[in-house]
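Worksheet for the structure shown next.
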Amino acid sequence: MTASPASPSAPARVLLLTGPSGSGKSSLAARTGLPVLRLDDFYKDGDDPTLPLVAESRDIDWDSPLSWDAEAAVAAIAELCRTGRTTVPVYDISASARVDREAFTIGRAPLFVAEGIFAADIVARCEELGILADALCLRGRPSTTFRRRLARDLREGRKSVAFLLRRGLRLMRTERGIVARQARLGAYPCGKEEALSRVAAADRRCASRAGGSALPHAGVPRTAGSAPAAEV
């Protein structure tokens with residue numbers, strides 16, 4: 001599905017999509033039909049000396065924004081808005097490392113989604129740059145998020161079982177606080193259906209601004225069989 005074209009005088013805008021790990025960001029982003037930038041590819045490498053630790057276990061705290069390269073993510077988003085293309089890292093979560101780089105393009109789409117657990121941390125910066133269309137935070141039941149996240153992480157072999165259980169229980173206990181923090185940073189908390197409605201509204205605004213028409217399926221569920229990207 002191709003997005004509606006933007007005129008050269010109307011740079012693209014970004015819709016930031018965040019929420020706790022396992023909340024369904026990637027699957028929702030895939031349902032929009034818009035180009036999707038995976039912000040989790042901007043994690044730092046596992047041997048980076050600046051990585052934060054979880055005090056009680058001494059595990060690397062991959063849920064801290066300090067484990068993520070916000071400046072590189074913002075630079076990539078800004079370049080996409082300006083030119084429609086950029087180069088992004090390819091991150092292997094099981095190896096805790098960037099293993100490659102690849103070209104990423106949105107073509108002439110007037111709107112794209114950037115999704116990840118740290119998307120709220122760059123809301124203010126994207127607003128300052130004049131490229132933000134909206135910022136959403138998916139929320140749900142912590143117990144449901146815990147089960148979904150653990151099943152996914154075990155299936156994909158992301159980390160050791162012990163690490164995944166420690167992380168999962170910690171995130172379940174703190175999930176409401178995570179959502180509250182993301183809301184304070186400027187991401188609007190909502191469920192999936194409201195999020196899809198806001199995505200569709202943002203797409204219409206951006207398409208109108210660009211002088212085109214909205215993507216027909218933005219904010220509308222995709223047909224059965226379309227596979228969403230892996231959710232972090």
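Labeling convention for the structure tokens: chains A, B, ... as they appear, residues from 1 per chain, ligands from 1 in order of appearance.
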Next item on the list: Would you return as a PyMOL selection string the members of segment 120-188 of chain A that DSSP assigns to helix (DSSP H, G or I) on this structure's backbone?
Entry: chain A and resi 120-128+142-156+161-184
Can you check which parts of segment 91-184 of chain A lie within 8 Å of segment 28-34 of chain A? Per residue, the shortest pair of atoms and distance in Å to one decimal, counting only C-alpha atoms, sorted by chain and number, as a Markdown table.
| residue | atom | partner | partner_atom | distance |
| --- | --- | --- | --- | --- |
| A:Leu111 | CA | A:Leu34 | CA | 7.2 |
| A:Phe112 | CA | A:Leu34 | CA | 5.6 |
| A:Val113 | CA | A:Leu34 | CA | 6.6 |
| A:Glu115 | CA | A:Ala29 | CA | 7.3 |
For the residues in the current selection, export N, CA, C and O atoms as an mmCIF file, in the first residue's frame.
data_model
loop_
_atom_site.group_PDB
_atom_site.id
_atom_site.type_symbol
_atom_site.label_atom_id
_atom_site.label_comp_id
_atom_site.auth_asym_id
_atom_site.auth_seq_id
_atom_site.Cartn_x
_atom_site.Cartn_y
_atom_site.Cartn_z
ATOM 1 N N LEU A 111 3.087 11.395 5.850
ATOM 2 C CA LEU A 111 3.075 10.987 7.250
ATOM 3 C C LEU A 111 3.677 9.600 7.376
ATOM 4 O O LEU A 111 3.443 8.732 6.532
ATOM 5 N N PHE A 112 4.465 9.390 8.431
ATOM 6 C CA PHE A 112 4.964 8.059 8.747
ATOM 7 C C PHE A 112 4.941 7.867 10.259
ATOM 8 O O PHE A 112 4.839 8.831 11.030
ATOM 9 N N VAL A 113 5.001 6.611 10.684
ATOM 10 C CA VAL A 113 4.981 6.255 12.098
ATOM 11 C C VAL A 113 6.395 5.907 12.550
ATOM 12 O O VAL A 113 7.112 5.191 11.857
ATOM 13 N N GLU A 115 7.868 4.098 15.852
ATOM 14 C CA GLU A 115 7.367 3.422 17.045
ATOM 15 C C GLU A 115 8.494 2.805 17.867
ATOM 16 O O GLU A 115 9.474 2.302 17.330
#
Next item on the list: Please provide the set of residues having any atom within 8 Å of segment 156-165 of chain A, restricted to only C-alpha atoms, with same-chain residues fewer than 4 positions apart removed, written as a PyMOL selection string.
Entry: chain A and resi 59+93-94+150+152+169
DSSP on the backbone: which residues in segment 63-229 of chain A end up as strand (DSSP E)? Give the answer as a compact mmCIF listing (two decimals) with N, CA, C and O atoms, in the first residue's frame.
# COMPACT_ATOMS: atom_id res chain seq x y z
N ARG A 85 14.10 9.95 2.88
CA ARG A 85 14.99 8.78 2.99
C ARG A 85 16.06 9.02 4.04
O ARG A 85 16.40 10.16 4.36
N THR A 86 16.61 7.94 4.57
CA THR A 86 17.71 8.02 5.52
C THR A 86 18.37 6.65 5.60
O THR A 86 17.95 5.69 4.93
N THR A 87 19.42 6.55 6.40
CA THR A 87 20.07 5.27 6.66
C THR A 87 19.92 4.96 8.15
O THR A 87 20.16 5.83 8.99
N VAL A 88 19.51 3.74 8.46
CA VAL A 88 19.24 3.37 9.85
C VAL A 88 20.05 2.13 10.23
O VAL A 88 20.39 1.31 9.37
N PRO A 89 20.34 1.98 11.53
CA PRO A 89 21.01 0.75 11.98
C PRO A 89 20.05 -0.43 11.96
O PRO A 89 18.83 -0.25 12.04
N VAL A 90 20.62 -1.63 11.86
CA VAL A 90 19.85 -2.86 12.02
C VAL A 90 20.32 -3.49 13.32
O VAL A 90 21.50 -3.84 13.45
N TYR A 91 19.42 -3.59 14.29
CA TYR A 91 19.80 -4.03 15.63
C TYR A 91 19.32 -5.46 15.89
O TYR A 91 18.15 -5.78 15.65
N ASP A 92 20.22 -6.29 16.40
CA ASP A 92 19.89 -7.67 16.78
C ASP A 92 19.72 -7.70 18.30
O ASP A 92 20.71 -7.59 19.05
N ALA A 97 23.38 -5.85 19.79
CA ALA A 97 24.36 -5.18 18.93
C ALA A 97 23.74 -4.73 17.62
O ALA A 97 22.81 -5.37 17.10
N ARG A 98 24.30 -3.64 17.08
CA ARG A 98 23.97 -3.23 15.72
C ARG A 98 24.79 -4.09 14.77
O ARG A 98 26.02 -4.11 14.84
N VAL A 99 24.10 -4.79 13.89
CA VAL A 99 24.78 -5.76 13.04
C VAL A 99 24.90 -5.28 11.59
O VAL A 99 25.59 -5.91 10.78
N ASP A 100 24.23 -4.17 11.25
CA ASP A 100 24.27 -3.71 9.86
C ASP A 100 23.66 -2.31 9.80
O ASP A 100 23.19 -1.78 10.82
N ARG A 101 23.67 -1.72 8.63
CA ARG A 101 22.94 -0.49 8.36
C ARG A 101 22.19 -0.68 7.05
O ARG A 101 22.64 -1.44 6.18
N GLU A 102 21.05 -0.02 6.91
CA GLU A 102 20.28 -0.18 5.69
C GLU A 102 19.55 1.11 5.34
O GLU A 102 19.30 1.95 6.21
N ALA A 103 19.22 1.25 4.07
CA ALA A 103 18.45 2.40 3.62
C ALA A 103 17.00 2.24 4.05
O ALA A 103 16.46 1.14 4.05
N PHE A 104 16.39 3.36 4.42
CA PHE A 104 14.97 3.37 4.78
C PHE A 104 14.34 4.56 4.08
O PHE A 104 14.88 5.67 4.12
N THR A 105 13.21 4.33 3.43
CA THR A 105 12.57 5.41 2.69
C THR A 105 11.08 5.44 2.96
O THR A 105 10.46 4.39 3.19
N LEU A 111 3.09 11.39 5.85
CA LEU A 111 3.08 10.99 7.25
C LEU A 111 3.68 9.60 7.38
O LEU A 111 3.44 8.73 6.53
N PHE A 112 4.47 9.39 8.43
CA PHE A 112 4.96 8.06 8.75
C PHE A 112 4.94 7.87 10.26
O PHE A 112 4.84 8.83 11.03
N VAL A 113 5.00 6.61 10.68
CA VAL A 113 4.98 6.25 12.10
C VAL A 113 6.40 5.91 12.55
O VAL A 113 7.11 5.19 11.86
N ALA A 114 6.79 6.42 13.70
CA ALA A 114 8.04 6.01 14.36
C ALA A 114 7.64 5.40 15.69
O ALA A 114 7.10 6.09 16.55
N GLU A 115 7.87 4.10 15.85
CA GLU A 115 7.37 3.42 17.04
C GLU A 115 8.49 2.80 17.87
O GLU A 115 9.47 2.30 17.33
N LEU A 132 6.25 17.12 14.16
CA LEU A 132 5.40 16.19 14.89
C LEU A 132 3.94 16.33 14.45
O LEU A 132 3.37 17.41 14.50
N ALA A 133 3.34 15.19 14.04
CA ALA A 133 1.91 15.18 13.71
C ALA A 133 1.07 14.80 14.92
O ALA A 133 0.00 15.37 15.15
N ASP A 134 1.52 13.84 15.71
CA ASP A 134 0.83 13.41 16.93
C ASP A 134 1.77 12.48 17.67
O ASP A 134 2.76 11.98 17.11
N ALA A 135 1.46 12.23 18.96
CA ALA A 135 2.24 11.31 19.77
C ALA A 135 1.26 10.51 20.62
O ALA A 135 0.46 11.09 21.36
N LEU A 136 1.30 9.19 20.51
CA LEU A 136 0.35 8.31 21.17
C LEU A 136 1.06 7.30 22.04
O LEU A 136 2.16 6.83 21.71
N CYS A 137 0.42 6.95 23.15
CA CYS A 137 0.94 5.92 24.06
C CYS A 137 -0.12 4.84 24.23
O CYS A 137 -1.19 5.10 24.77
N LEU A 138 0.16 3.63 23.76
CA LEU A 138 -0.78 2.53 23.93
C LEU A 138 -0.78 2.05 25.37
O LEU A 138 0.28 1.88 25.98
N TYR A 188 -0.14 10.89 24.12
CA TYR A 188 -1.53 10.75 24.56
C TYR A 188 -1.85 9.28 24.84
O TYR A 188 -1.77 8.45 23.93
N PRO A 189 -2.23 8.93 26.07
CA PRO A 189 -2.54 7.52 26.40
C PRO A 189 -3.89 7.11 25.83
O PRO A 189 -4.89 7.82 25.99
N CYS A 190 -3.95 5.95 25.19
CA CYS A 190 -5.20 5.48 24.61
C CYS A 190 -5.11 4.00 24.29
O CYS A 190 -4.03 3.41 24.29
Notebook entry, point to check: Which one of A:Gly130, A:Pro35, A:Gly177, A:Gly84 sits closest to Pro20 of chain A if you count only C-alpha atoms?
Noted result: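 Closest to Pro20 of chain A of all the choices is A:Gly177.
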Checklist line | Ser21 of chain A surroundings by only C-alpha atoms, 9 Å radius, close-in-sequence under 2 positions cut, as a ChimeraX atom specification | finding: /A:18-19,23-25,63,116-117,145-146,149,171,231-232
Margin query: I want to know what sits within 12 Å of Glu128 of chain A, based on only C-alpha atoms, with residues of the same chain fewer than 4 positions away left out; could you give that as a list in words?
Written below: Val74, Ala78, Ile122, Val123, Ala124 and Leu132 of chain A
